[in-house]
$ cat input22.pdb   # PDB, C-alpha atoms and all ligand atoms
ATOM      1  CA  MET A 188     123.100 132.034  94.823
ATOM      2  CA  ILE A 189     119.312 132.321  94.919
ATOM      3  CA  LYS A 190     117.388 131.301  97.999
ATOM      4  CA  LYS A 191     116.304 127.635  98.065
ATOM      5  CA  ILE A 192     113.055 126.833  99.838
ATOM      6  CA  GLY A 193     111.861 123.277 100.476
ATOM      7  CA  ILE A 194     108.237 122.424 101.270
ATOM      8  CA  ASP A 195     106.878 118.995 102.210
ATOM      9  CA  ILE A 196     103.115 118.572 101.879
ATOM     10  CA  GLY A 197     101.714 115.738 103.981
ATOM     11  CA  GLY A 198      98.232 114.431 104.738
ATOM     12  CA  HIS A 199      98.200 116.109 108.159
ATOM     13  CA  THR A 200     100.973 118.727 108.102
ATOM     14  CA  ILE A 201     103.058 120.884 105.768
ATOM     15  CA  SER A 202     106.706 121.597 106.668
ATOM     16  CA  ALA A 203     108.847 124.310 105.103
ATOM     17  CA  ALA A 204     112.311 125.775 105.468
ATOM     18  CA  GLU A 205     114.937 127.738 103.641
ATOM     19  CA  VAL A 206     117.803 125.320 103.094
ATOM     20  CA  LEU A 207     121.342 126.600 103.660
ATOM     21  CA  PRO A 208     124.716 125.031 102.778
ATOM     22  CA  ASP A 209     126.337 123.403 105.804
ATOM     23  CA  GLY A 210     129.699 121.696 105.327
ATOM     24  CA  ASP A 211     129.216 118.954 102.722
ATOM     25  CA  GLY A 212     125.443 119.054 103.057
ATOM     26  CA  PHE A 213     122.557 121.369 103.810
ATOM     27  CA  ARG A 214     120.602 122.307 106.884
ATOM     28  CA  PRO A 215     117.065 123.653 107.132
ATOM     29  CA  ALA A 216     116.826 127.140 108.649
ATOM     30  CA  ALA A 217     113.762 127.950 110.764
ATOM     31  CA  LEU A 218     111.788 124.813 109.851
ATOM     32  CA  THR A 219     108.100 125.450 110.442
ATOM     33  CA  THR A 220     105.207 123.025 110.339
ATOM     34  CA  VAL A 221     101.579 124.009 109.811
ATOM     35  CA  CYS A 222      98.390 121.951 109.523
ATOM     36  CA  THR A 223      97.393 120.856 106.023
ATOM     37  CA  PRO A 224      94.274 122.850 104.996
ATOM     38  CA  GLN A 225      91.114 120.842 105.664
ATOM     39  CA  GLU A 226      89.805 121.519 102.148
ATOM     40  CA  LYS A 227      92.698 119.431 100.771
ATOM     41  CA  ASP A 228      92.293 120.929  97.295
ATOM     42  CA  MET A 229      94.604 122.779  94.912
ATOM     43  CA  PRO A 230      93.562 126.376  95.758
ATOM     44  CA  SER A 231      94.064 125.755  99.509
ATOM     45  CA  LEU A 232      97.426 124.027  98.928
ATOM     46  CA  ALA A 233      98.620 126.881  96.668
ATOM     47  CA  ALA A 234      97.600 129.410  99.341
ATOM     48  CA  ALA A 235      99.452 127.462 102.060
ATOM     49  CA  VAL A 236     102.577 127.287  99.867
ATOM     50  CA  ARG A 237     102.328 131.031  99.135
ATOM     51  CA  ASP A 238     102.145 131.877 102.874
ATOM     52  CA  LEU A 239     105.176 129.700 103.658
ATOM     53  CA  VAL A 240     107.210 131.199 100.773
ATOM     54  CA  LEU A 241     106.261 134.788 101.674
ATOM     55  CA  GLN A 242     107.531 134.147 105.219
ATOM     56  CA  ARG A 243     110.949 133.358 103.721
ATOM     57  CA  ALA A 244     111.366 135.430 100.549
ATOM     58  CA  GLU A 245     111.044 139.194 100.186
ATOM     59  CA  ARG A 246     108.735 140.632  97.558
ATOM     60  CA  GLY A 247     110.735 141.448  94.447
ATOM     61  CA  SER A 248     113.221 138.619  95.067
ATOM     62  CA  ARG A 249     113.953 135.440  93.103
ATOM     63  CA  CYS A 250     114.011 131.969  94.645
ATOM     64  CA  PHE A 251     113.795 128.251  93.960
ATOM     65  CA  VAL A 252     110.831 126.438  95.517
ATOM     66  CA  GLY A 253     110.844 122.621  95.604
ATOM     67  CA  ILE A 254     107.667 120.920  96.821
ATOM     68  CA  GLY A 255     107.219 117.306  97.916
ATOM     69  CA  VAL A 256     103.698 115.953  97.402
ATOM     70  CA  PRO A 257     102.225 112.647  98.630
ATOM     71  CA  GLY A 258     101.411 111.031  95.301
ATOM     72  CA  PHE A 259     102.260 110.551  91.639
ATOM     73  CA  VAL A 260     104.053 113.307  89.700
ATOM     74  CA  ASN A 261     104.938 113.425  85.994
ATOM     75  CA  ARG A 262     108.461 112.908  84.694
ATOM     76  CA  ASP A 263     109.435 116.567  84.379
ATOM     77  CA  ARG A 264     108.233 117.310  87.925
ATOM     78  CA  SER A 265     105.574 119.824  86.917
ATOM     79  CA  VAL A 266     102.181 118.065  86.817
ATOM     80  CA  ILE A 267     100.446 116.192  89.665
ATOM     81  CA  LEU A 268      99.124 112.894  88.291
ATOM     82  CA  ARG A 269      97.369 111.545  91.397
ATOM     83  CA  LEU A 270      97.244 112.692  95.020
ATOM     84  CA  THR A 271      95.392 109.912  96.780
ATOM     85  CA  ASN A 272      94.277 111.843  99.882
ATOM     86  CA  PHE A 273      93.444 115.192  98.224
ATOM     87  CA  HIS A 274      90.688 116.421  95.909
ATOM     88  CA  GLY A 275      90.844 118.067  92.495
ATOM     89  CA  CYS A 276      94.639 118.008  92.206
ATOM     90  CA  ASP A 277      94.975 115.229  89.621
ATOM     91  CA  GLY A 278      96.221 116.467  86.257
ATOM     92  CA  VAL A 279      96.933 119.955  87.616
ATOM     93  CA  PRO A 280     100.131 121.649  86.314
ATOM     94  CA  ALA A 281     100.947 122.564  89.914
ATOM     95  CA  ALA A 282     104.468 123.920  89.339
ATOM     96  CA  LEU A 283     103.236 126.482  86.795
ATOM     97  CA  LEU A 284     100.117 127.343  88.808
ATOM     98  CA  ILE A 285     102.109 127.979  92.007
ATOM     99  CA  SER A 286     104.819 129.901  90.148
ATOM    100  CA  GLU A 287     102.159 132.213  88.599
ATOM    101  CA  ASP A 288     100.486 132.664  91.976
ATOM    102  CA  LEU A 289     103.815 133.639  93.587
ATOM    103  CA  GLU A 290     104.544 136.025  90.678
ATOM    104  CA  GLU A 291     101.248 137.807  91.426
ATOM    105  CA  HIS A 292     102.528 138.275  94.981
ATOM    106  CA  GLY A 293     105.882 139.718  93.898
ATOM    107  CA  ILE A 294     108.047 136.592  94.054
ATOM    108  CA  SER A 295     109.817 135.300  90.950
ATOM    109  CA  ALA A 296     110.168 131.582  91.642
ATOM    110  CA  GLU A 297     111.244 128.508  89.740
ATOM    111  CA  VAL A 298     108.929 125.822  91.147
ATOM    112  CA  ARG A 299     109.397 122.071  90.927
ATOM    113  CA  ILE A 300     107.255 119.340  92.461
ATOM    114  CA  GLU A 301     108.275 115.789  93.249
ATOM    115  CA  ASN A 302     106.896 112.771  95.061
ATOM    116  CA  ASP A 303     107.531 113.278  98.794
ATOM    117  CA  ALA A 304     109.314 109.944  99.303
ATOM    118  CA  ASN A 305     111.649 110.787  96.411
ATOM    119  CA  CYS A 306     112.366 114.095  98.186
ATOM    120  CA  ALA A 307     113.085 112.190 101.427
ATOM    121  CA  ALA A 308     115.477 109.897  99.513
ATOM    122  CA  LEU A 309     117.314 112.912  98.077
ATOM    123  CA  GLY A 310     117.561 114.499 101.525
ATOM    124  CA  GLU A 311     118.903 111.313 103.158
ATOM    125  CA  HIS A 312     121.438 111.021 100.333
ATOM    126  CA  ILE A 313     122.631 114.619 100.676
ATOM    127  CA  CYS A 314     123.175 114.639 104.434
ATOM    128  CA  GLY A 315     121.381 111.743 106.142
ATOM    129  CA  ALA A 316     121.455 107.955 106.469
ATOM    130  CA  ALA A 317     122.123 107.359 102.718
ATOM    131  CA  ARG A 318     125.229 109.593 102.521
ATOM    132  CA  GLY A 319     127.750 108.080 100.122
ATOM    133  CA  MET A 320     125.391 105.291  98.980
ATOM    134  CA  LYS A 321     124.657 104.621  95.308
ATOM    135  CA  ASP A 322     121.928 101.985  95.718
ATOM    136  CA  PHE A 323     119.393 102.522  98.465
ATOM    137  CA  ALA A 324     115.684 102.739  99.263
ATOM    138  CA  VAL A 325     113.957 105.201 101.575
ATOM    139  CA  ILE A 326     110.519 103.992 102.660
ATOM    140  CA  THR A 327     108.114 106.499 104.193
ATOM    141  CA  LEU A 328     105.625 104.931 106.601
ATOM    142  CA  GLY A 329     102.840 107.294 107.605
ATOM    143  CA  THR A 330      99.281 108.213 106.571
ATOM    144  CA  GLY A 331     100.314 106.648 103.266
ATOM    145  CA  ILE A 332     103.314 104.529 102.297
ATOM    146  CA  GLY A 333     105.854 105.632  99.709
ATOM    147  CA  SER A 334     109.415 105.057  98.658
ATOM    148  CA  GLY A 335     112.272 106.736  96.889
ATOM    149  CA  LEU A 336     114.694 104.354  95.176
ATOM    150  CA  ALA A 337     118.215 105.050  93.923
ATOM    151  CA  ALA A 338     120.277 102.790  91.665
ATOM    152  CA  ASN A 339     123.807 103.426  90.398
ATOM    153  CA  GLY A 340     123.746 106.837  92.069
ATOM    154  CA  ARG A 341     120.559 107.984  90.302
ATOM    155  CA  LEU A 342     117.040 108.398  91.632
ATOM    156  CA  ILE A 343     114.816 105.958  89.734
ATOM    157  CA  THR A 344     111.988 107.956  88.159
ATOM    158  CA  GLY A 345     110.851 105.583  85.396
ATOM    159  CA  SER A 346     109.502 106.350  81.921
ATOM    160  CA  HIS A 347     106.645 108.466  83.244
ATOM    161  CA  GLY A 348     107.996 109.707  86.589
ATOM    162  CA  MET A 349     105.993 107.169  88.597
ATOM    163  CA  ALA A 350     108.675 104.633  89.627
ATOM    164  CA  GLY A 351     109.148 103.534  93.216
ATOM    165  CA  GLU A 352     105.620 103.989  94.527
ATOM    166  CA  CYS A 353     105.895 101.021  96.876
ATOM    167  CA  GLY A 354     102.634 101.837  98.677
ATOM    168  CA  HIS A 355     100.949 100.461  95.555
ATOM    169  CA  LEU A 356     102.804  97.154  95.417
ATOM    170  CA  ALA A 357     100.078  94.503  95.128
ATOM    171  CA  VAL A 358     101.140  92.408  98.127
ATOM    172  CA  CYS A 359      97.692  91.537  99.557
ATOM    173  CA  GLY A 360      95.959  88.227  98.934
ATOM    174  CA  GLU A 361      92.554  87.981  97.228
ATOM    175  CA  ASP A 362      90.759  87.764 100.580
ATOM    176  CA  GLU A 363      92.372  90.974 101.828
ATOM    177  CA  TYR A 364      91.195  93.320  99.069
ATOM    178  CA  TYR A 365      89.862  96.727  99.941
ATOM    179  CA  ARG A 366      90.040  99.562  97.479
ATOM    180  CA  CYS A 367      93.186 101.663  97.451
ATOM    181  CA  MET A 368      92.721 105.408  97.038
ATOM    182  CA  CYS A 369      94.928 105.235  93.919
ATOM    183  CA  GLY A 370      92.144 103.384  92.079
ATOM    184  CA  GLY A 371      93.810  99.952  92.284
ATOM    185  CA  ALA A 372      93.321  97.196  94.846
ATOM    186  CA  GLY A 373      95.226  94.828  97.091
ATOM    187  CA  HIS A 374      97.977  97.363  97.741
ATOM    188  CA  LEU A 375     100.535  97.595 100.564
ATOM    189  CA  GLU A 376      99.092 100.947 101.616
ATOM    190  CA  GLU A 377      95.643  99.398 102.227
ATOM    191  CA  ALA A 378      97.163  96.627 104.318
ATOM    192  CA  ALA A 379      99.641  98.591 106.336
ATOM    193  CA  SER A 380      99.587 102.417 106.332
ATOM    194  CA  ALA A 381      98.734 104.352 109.488
ATOM    195  CA  GLY A 382      95.797 105.921 107.639
ATOM    196  CA  TRP A 383      94.180 102.556 106.857
ATOM    197  CA  LEU A 384      95.129 101.064 110.222
ATOM    198  CA  GLU A 385      93.433 103.932 112.024
ATOM    199  CA  LYS A 386      90.330 103.622 109.834
ATOM    200  CA  ARG A 387      90.073  99.903 110.625
ATOM    201  CA  ALA A 388      90.788 100.475 114.341
ATOM    202  CA  SER A 389      87.991 103.002 114.551
ATOM    203  CA  GLU A 390      85.517 100.484 113.002
ATOM    204  CA  MET A 391      86.612  97.984 115.685
ATOM    205  CA  GLY A 392      86.140 100.403 118.589
ATOM    206  CA  LEU A 393      89.895 100.957 119.075
ATOM    207  CA  PRO A 394      91.459 104.437 119.176
ATOM    208  CA  ALA A 395      91.998 105.857 115.670
ATOM    209  CA  ASP A 396      95.631 106.618 116.464
ATOM    210  CA  PHE A 397      98.580 104.505 115.310
ATOM    211  CA  ARG A 398     100.769 105.257 118.337
ATOM    212  CA  ALA A 399      97.979 104.245 120.725
ATOM    213  CA  ILE A 400      97.288 101.012 118.787
ATOM    214  CA  TRP A 401     101.042 100.232 118.765
ATOM    215  CA  GLU A 402     101.326 100.716 122.511
ATOM    216  CA  MET A 403      98.184  98.609 123.192
ATOM    217  CA  ARG A 404      99.340  95.611 121.159
ATOM    218  CA  GLY A 405     100.884  93.806 124.151
ATOM    219  CA  GLN A 406      97.575  93.677 126.043
ATOM    220  CA  ASN A 407      94.886  93.889 123.378
ATOM    221  CA  ASP A 408      94.289  91.032 120.902
ATOM    222  CA  ALA A 409      92.562  93.201 118.296
ATOM    223  CA  ALA A 410      95.351  95.804 118.397
ATOM    224  CA  ARG A 411      97.934  93.009 118.132
ATOM    225  CA  ALA A 412      96.170  91.442 115.137
ATOM    226  CA  LEU A 413      96.024  94.824 113.367
ATOM    227  CA  THR A 414      99.699  95.658 113.922
ATOM    228  CA  GLU A 415     100.819  92.093 113.060
ATOM    229  CA  ALA A 416      99.031  92.221 109.696
ATOM    230  CA  SER A 417     100.524  95.644 109.011
ATOM    231  CA  LEU A 418     104.092  94.609 109.930
ATOM    232  CA  ASN A 419     103.898  91.462 107.825
ATOM    233  CA  ALA A 420     102.677  93.395 104.788
ATOM    234  CA  ILE A 421     105.392  96.047 105.178
ATOM    235  CA  ALA A 422     107.988  93.272 105.553
ATOM    236  CA  ARG A 423     106.778  91.682 102.294
ATOM    237  CA  GLY A 424     107.076  95.083 100.621
ATOM    238  CA  ILE A 425     110.612  95.648 101.914
ATOM    239  CA  ALA A 426     111.690  92.129 100.884
ATOM    240  CA  SER A 427     110.255  92.690  97.390
ATOM    241  CA  ILE A 428     112.184  95.964  97.050
ATOM    242  CA  CYS A 429     115.409  94.246  98.197
ATOM    243  CA  VAL A 430     115.016  91.494  95.617
ATOM    244  CA  MET A 431     114.402  94.007  92.830
ATOM    245  CA  LEU A 432     116.989  96.632  93.802
ATOM    246  CA  ASP A 433     119.707  94.851  95.857
ATOM    247  CA  PRO A 434     120.208  98.030  97.916
ATOM    248  CA  GLU A 435     123.083  98.820 100.255
ATOM    249  CA  ALA A 436     120.442  99.772 102.831
ATOM    250  CA  VAL A 437     116.722 100.305 103.281
ATOM    251  CA  ILE A 438     116.027 103.433 105.325
ATOM    252  CA  LEU A 439     112.753 103.855 107.210
ATOM    253  CA  SER A 440     111.227 107.306 107.527
ATOM    254  CA  GLY A 441     107.840 108.812 108.454
ATOM    255  CA  GLY A 442     105.702 108.874 111.591
ATOM    256  CA  MET A 443     105.192 105.096 111.893
ATOM    257  CA  SER A 444     108.951 104.478 111.743
ATOM    258  CA  ARG A 445     109.361 106.313 115.036
ATOM    259  CA  ALA A 446     107.219 103.784 116.960
ATOM    260  CA  VAL A 447     109.508 102.187 119.560
ATOM    261  CA  GLY A 448     110.822  98.792 118.401
ATOM    262  CA  ILE A 449     109.287  98.813 114.906
ATOM    263  CA  THR A 450     112.658  98.584 113.099
ATOM    264  CA  GLU A 451     113.607  95.416 115.013
ATOM    265  CA  GLU A 452     110.143  93.897 114.492
ATOM    266  CA  LEU A 453     110.394  94.546 110.754
ATOM    267  CA  ARG A 454     113.999  93.340 110.447
ATOM    268  CA  THR A 455     113.048  89.916 111.848
ATOM    269  CA  ARG A 456     110.009  89.613 109.597
ATOM    270  CA  VAL A 457     111.800  90.723 106.407
ATOM    271  CA  MET A 458     114.453  88.009 106.902
ATOM    272  CA  LYS A 459     111.978  85.167 106.425
ATOM    273  CA  TYR A 460     110.858  86.556 103.051
ATOM    274  CA  LEU A 461     114.388  87.176 101.705
ATOM    275  CA  PRO A 462     116.352  84.659  99.608
ATOM    276  CA  LEU A 463     119.299  83.192 101.557
ATOM    277  CA  PRO A 464     122.075  85.110  99.712
ATOM    278  CA  VAL A 465     120.340  88.416 100.421
ATOM    279  CA  ARG A 466     119.905  87.878 104.183
ATOM    280  CA  PRO A 467     123.505  88.575 105.353
ATOM    281  CA  VAL A 468     123.686  91.858 103.404
ATOM    282  CA  PHE A 469     120.232  93.147 104.362
ATOM    283  CA  LYS A 470     120.562  96.432 106.241
ATOM    284  CA  LEU A 471     117.553  98.257 107.709
ATOM    285  CA  LEU A 472     118.270 101.757 109.076
ATOM    286  CA  LEU A 473     116.257 104.612 110.525
ATOM    287  CA  SER A 474     116.185 108.057 108.914
ATOM    288  CA  GLU A 475     118.790 110.410 110.375
ATOM    289  CA  LEU A 476     116.887 113.532 109.357
ATOM    290  CA  GLY A 477     113.271 112.752 110.237
ATOM    291  CA  SER A 478     110.842 115.243 108.741
ATOM    292  CA  SER A 479     113.714 117.482 107.547
ATOM    293  CA  ALA A 480     114.748 114.928 104.892
ATOM    294  CA  ALA A 481     111.935 115.705 102.445
ATOM    295  CA  VAL A 482     112.312 119.466 102.983
ATOM    296  CA  ILE A 483     116.064 119.315 102.250
ATOM    297  CA  GLY A 484     115.452 117.028  99.262
ATOM    298  CA  ALA A 485     112.702 119.271  97.872
ATOM    299  CA  ALA A 486     114.916 122.361  98.127
ATOM    300  CA  SER A 487     117.603 120.469  96.203
ATOM    301  CA  LEU A 488     115.391 119.400  93.266
ATOM    302  CA  ASP A 489     117.154 121.896  90.969
ATOM    303  CA  ALA A 490     120.359 119.843  91.294
ATOM    304  CA  SER A 491     119.209 116.364  92.294
ATOM    305  CA  LEU A 492     120.501 112.803  91.783
TER     306      LEU A 492
HETATM  307 ZN    ZN A 501      97.234 101.941  95.540
END
$ encode --input "input22.pdb" --output "structure tokens"
Amino acid sequence: MIKKIGIDIGGHTISAAEVLPDGDGFRPAALTTVCTPQEKDMPSLAAAVRDLVLQRAERGSRCFVGIGVPGFVNRDRSVILRLTNFHGCDGVPAALLISEDLEEHGISAEVRIENDANCAALGEHICGAARGMKDFAVITLGTGIGSGLAANGRLITGSHGMAGECGHLAVCGEDEYYRCMCGGAGHLEEAASAGWLEKRASEMGLPADFRAIWEMRGQNDAARALTEASLNAIARGIASICVMLDPEAVILSGGMSRAVGITEELRTRVMKYLPLPVRPVFKLLLSELGSSAAVIGAASLDASL
């Protein structure tokens, strides 16, 4: 069996590991996390991926490299369509480019890319909170907001590979419009992601740090107003997904999901938006794998849902 390497590219950090079989699932071996290059462009991302692969694969060897990226990817998991927080990556055939770069450095690799939330959903299904489920949603709450959706035991990719991008659900009212980095407007990500929350906090003289804003909300009116608006928007997004998908569970993942008490706060808010028959079956869970989920899912893209 060839070596399987999973890499998860985020707005702030990149995590990587070789993924090894472990009972019915997989486990990441020697997971490392490095800072995302400040340039945030394709050459710097390719170089970061190369370094992480060369730490795990010997020159002259063959391996599979799966890469989760925070944005839109085409249906055959080869071309980046839109990375909202990066530059010059849109339209780039990243799988081919990275594979050729690795070849030049002595590694023969099959490379596949996928939306990072889809990778997290695959990971949670293989050995995390979605084990054994056929219909579920994994929502990643962090710098951006994403989701990976599964129905009838299959990851929903859509006609063009772009399905399930819940950060771009248009849940904001006309008076709440900003301009989403995807090119659209009125999106969940603008209303609720840590990235946008921190930007707004900084303009208001609050710390540009989600955890700090979350912890201040009991004493500070501005911090409370910011987090309330964010929670309500996320709750509307989750309720919309439940109505469309009727999932067995919605699983929260990403940095924001680890804020103490956020699951309970969201559960209460989602209830009021749900139709009555959906309320008793609504199940909101926390990721069991944390940041490993997307790495495990990425490494498994050669044999995914
Ligand atoms: Zn958007």
$ residues_near_ligand --input "input22.pdb" --ligand "ligand ZN 501 (chain A)" --cutoff "9 Å" --atoms "only C-alpha atoms and all ligand atoms" --output "PDB file with C-alpha atoms, in the frame of the given file"
ATOM      1  CA  THR A 271      95.392 109.912  96.780  1.00  0.00           C
ATOM      2  CA  GLU A 352     105.620 103.989  94.527  1.00  0.00           C
ATOM      3  CA  CYS A 353     105.895 101.021  96.876  1.00  0.00           C
ATOM      4  CA  GLY A 354     102.634 101.837  98.677  1.00  0.00           C
ATOM      5  CA  HIS A 355     100.949 100.461  95.555  1.00  0.00           C
ATOM      6  CA  LEU A 356     102.804  97.154  95.417  1.00  0.00           C
ATOM      7  CA  ALA A 357     100.078  94.503  95.128  1.00  0.00           C
ATOM      8  CA  ARG A 366      90.040  99.562  97.479  1.00  0.00           C
ATOM      9  CA  CYS A 367      93.186 101.663  97.451  1.00  0.00           C
ATOM     10  CA  MET A 368      92.721 105.408  97.038  1.00  0.00           C
ATOM     11  CA  CYS A 369      94.928 105.235  93.919  1.00  0.00           C
ATOM     12  CA  GLY A 370      92.144 103.384  92.079  1.00  0.00           C
ATOM     13  CA  GLY A 371      93.810  99.952  92.284  1.00  0.00           C
ATOM     14  CA  ALA A 372      93.321  97.196  94.846  1.00  0.00           C
ATOM     15  CA  GLY A 373      95.226  94.828  97.091  1.00  0.00           C
ATOM     16  CA  HIS A 374      97.977  97.363  97.741  1.00  0.00           C
ATOM     17  CA  LEU A 375     100.535  97.595 100.564  1.00  0.00           C
ATOM     18  CA  GLU A 376      99.092 100.947 101.616  1.00  0.00           C
ATOM     19  CA  GLU A 377      95.643  99.398 102.227  1.00  0.00           C
TER      20      GLU A 377
END
$ closest_residue --input "input22.pdb" --among "A:Cys359, A:Ile421, A:Ile332, A:Ile326" --to "Leu472 in chain A" --atoms "only C-alpha atoms"
A:Ile326
$ resolve_selection --input "input22.pdb" --expression "the PyMOL selection byres (((chain A and resi 233-250) around 10) and not hetatm)" --output "number ranges by chain"
A: 188-196, 201-205, 216-217, 219-224, 228-232, 251-254, 281-282, 284-286, 288-290, 292-298
$ atom_distance --input "input22.pdb" --atom1 "CA of Val325 in chain A" --atom2 "CA of Leu461 in chain A"
18.0 Å
$ closest_residue --input "input22.pdb" --among "A:Glu226, A:Met443, A:Tyr365, A:Glu291" --to "Cys276 in chain A" --atoms "only C-alpha atoms"
A:Glu226
$ resolve_selection --input "input22.pdb" --expression "the PyMOL selection byres (((chain A and resi 212) around 6) and not hetatm)" --output "list in words"
Asp209, Gly210, Asp211, Phe213, Ile313 and Cys314 of chain A
$ closest_residue --input "input22.pdb" --among "A:Leu218, A:Ser334, A:His312, A:Ala395" --to "Phe259 in chain A" --atoms "only C-alpha atoms"
A:Ser334
$ residues_around --input "input22.pdb" --residues "Val430 in chain A" --least-positions-apart "3" --cutoff "9 Å" --atoms "all atoms listed in the file" --output "list in words"
Ile425, Ala426, Ser427, Asp433, Pro434, Leu461, Pro462 and Val465 of chain A
$ write_last_selection --input "input22.pdb" --atoms "C-alpha atoms" --output "compact mmCIF listing (two decimals), keeping the file's coordinate frame"
# COMPACT_ATOMS: atom_id res chain seq x y z
CA ILE A 425 110.61 95.65 101.91
CA ALA A 426 111.69 92.13 100.88
CA SER A 427 110.26 92.69 97.39
CA ASP A 433 119.71 94.85 95.86
CA PRO A 434 120.21 98.03 97.92
CA LEU A 461 114.39 87.18 101.70
CA PRO A 462 116.35 84.66 99.61
CA VAL A 465 120.34 88.42 100.42
$ axis_aligned_box --input "input22.pdb" --around "range 220-229 of chain A" --padding-each-side "8 Å" --output "JSON"
{"center_x": 97.5, "center_y": 121.7, "center_z": 102.6, "size_x": 31.4, "size_y": 20.6, "size_z": 31.4}
$ atom_distance --input "input22.pdb" --atom1 "CA of Ala416 in chain A" --atom2 "CA of Met391 in chain A"
14.9 Å
$ closest_residue --input "input22.pdb" --among "A:Ala324, A:Ala381, A:Leu439, A:Ala422" --to "Arg454 in chain A" --atoms "all atoms listed in the file"
A:Ala422
$ atom_distance --input "input22.pdb" --atom1 "CA of Val457 in chain A" --atom2 "CA of Asn407 in chain A"
24.2 Å
$ resolve_selection --input "input22.pdb" --expression "the PyMOL selection byres (((chain A and resi 393) around 12) and not hetatm)" --output "ChimeraX atom specification"
/A:384-392,394-404,407-411,413
$ residues_near_point --input "input22.pdb" --point "(105.2, 102.5, 112.5)" --cutoff "7 Å" --atoms "all atoms listed in the file" --output "list of chain:residue names"
A:Leu328, A:Gly442, A:Met443, A:Ser444, A:Arg445, A:Ala446, A:Ile449
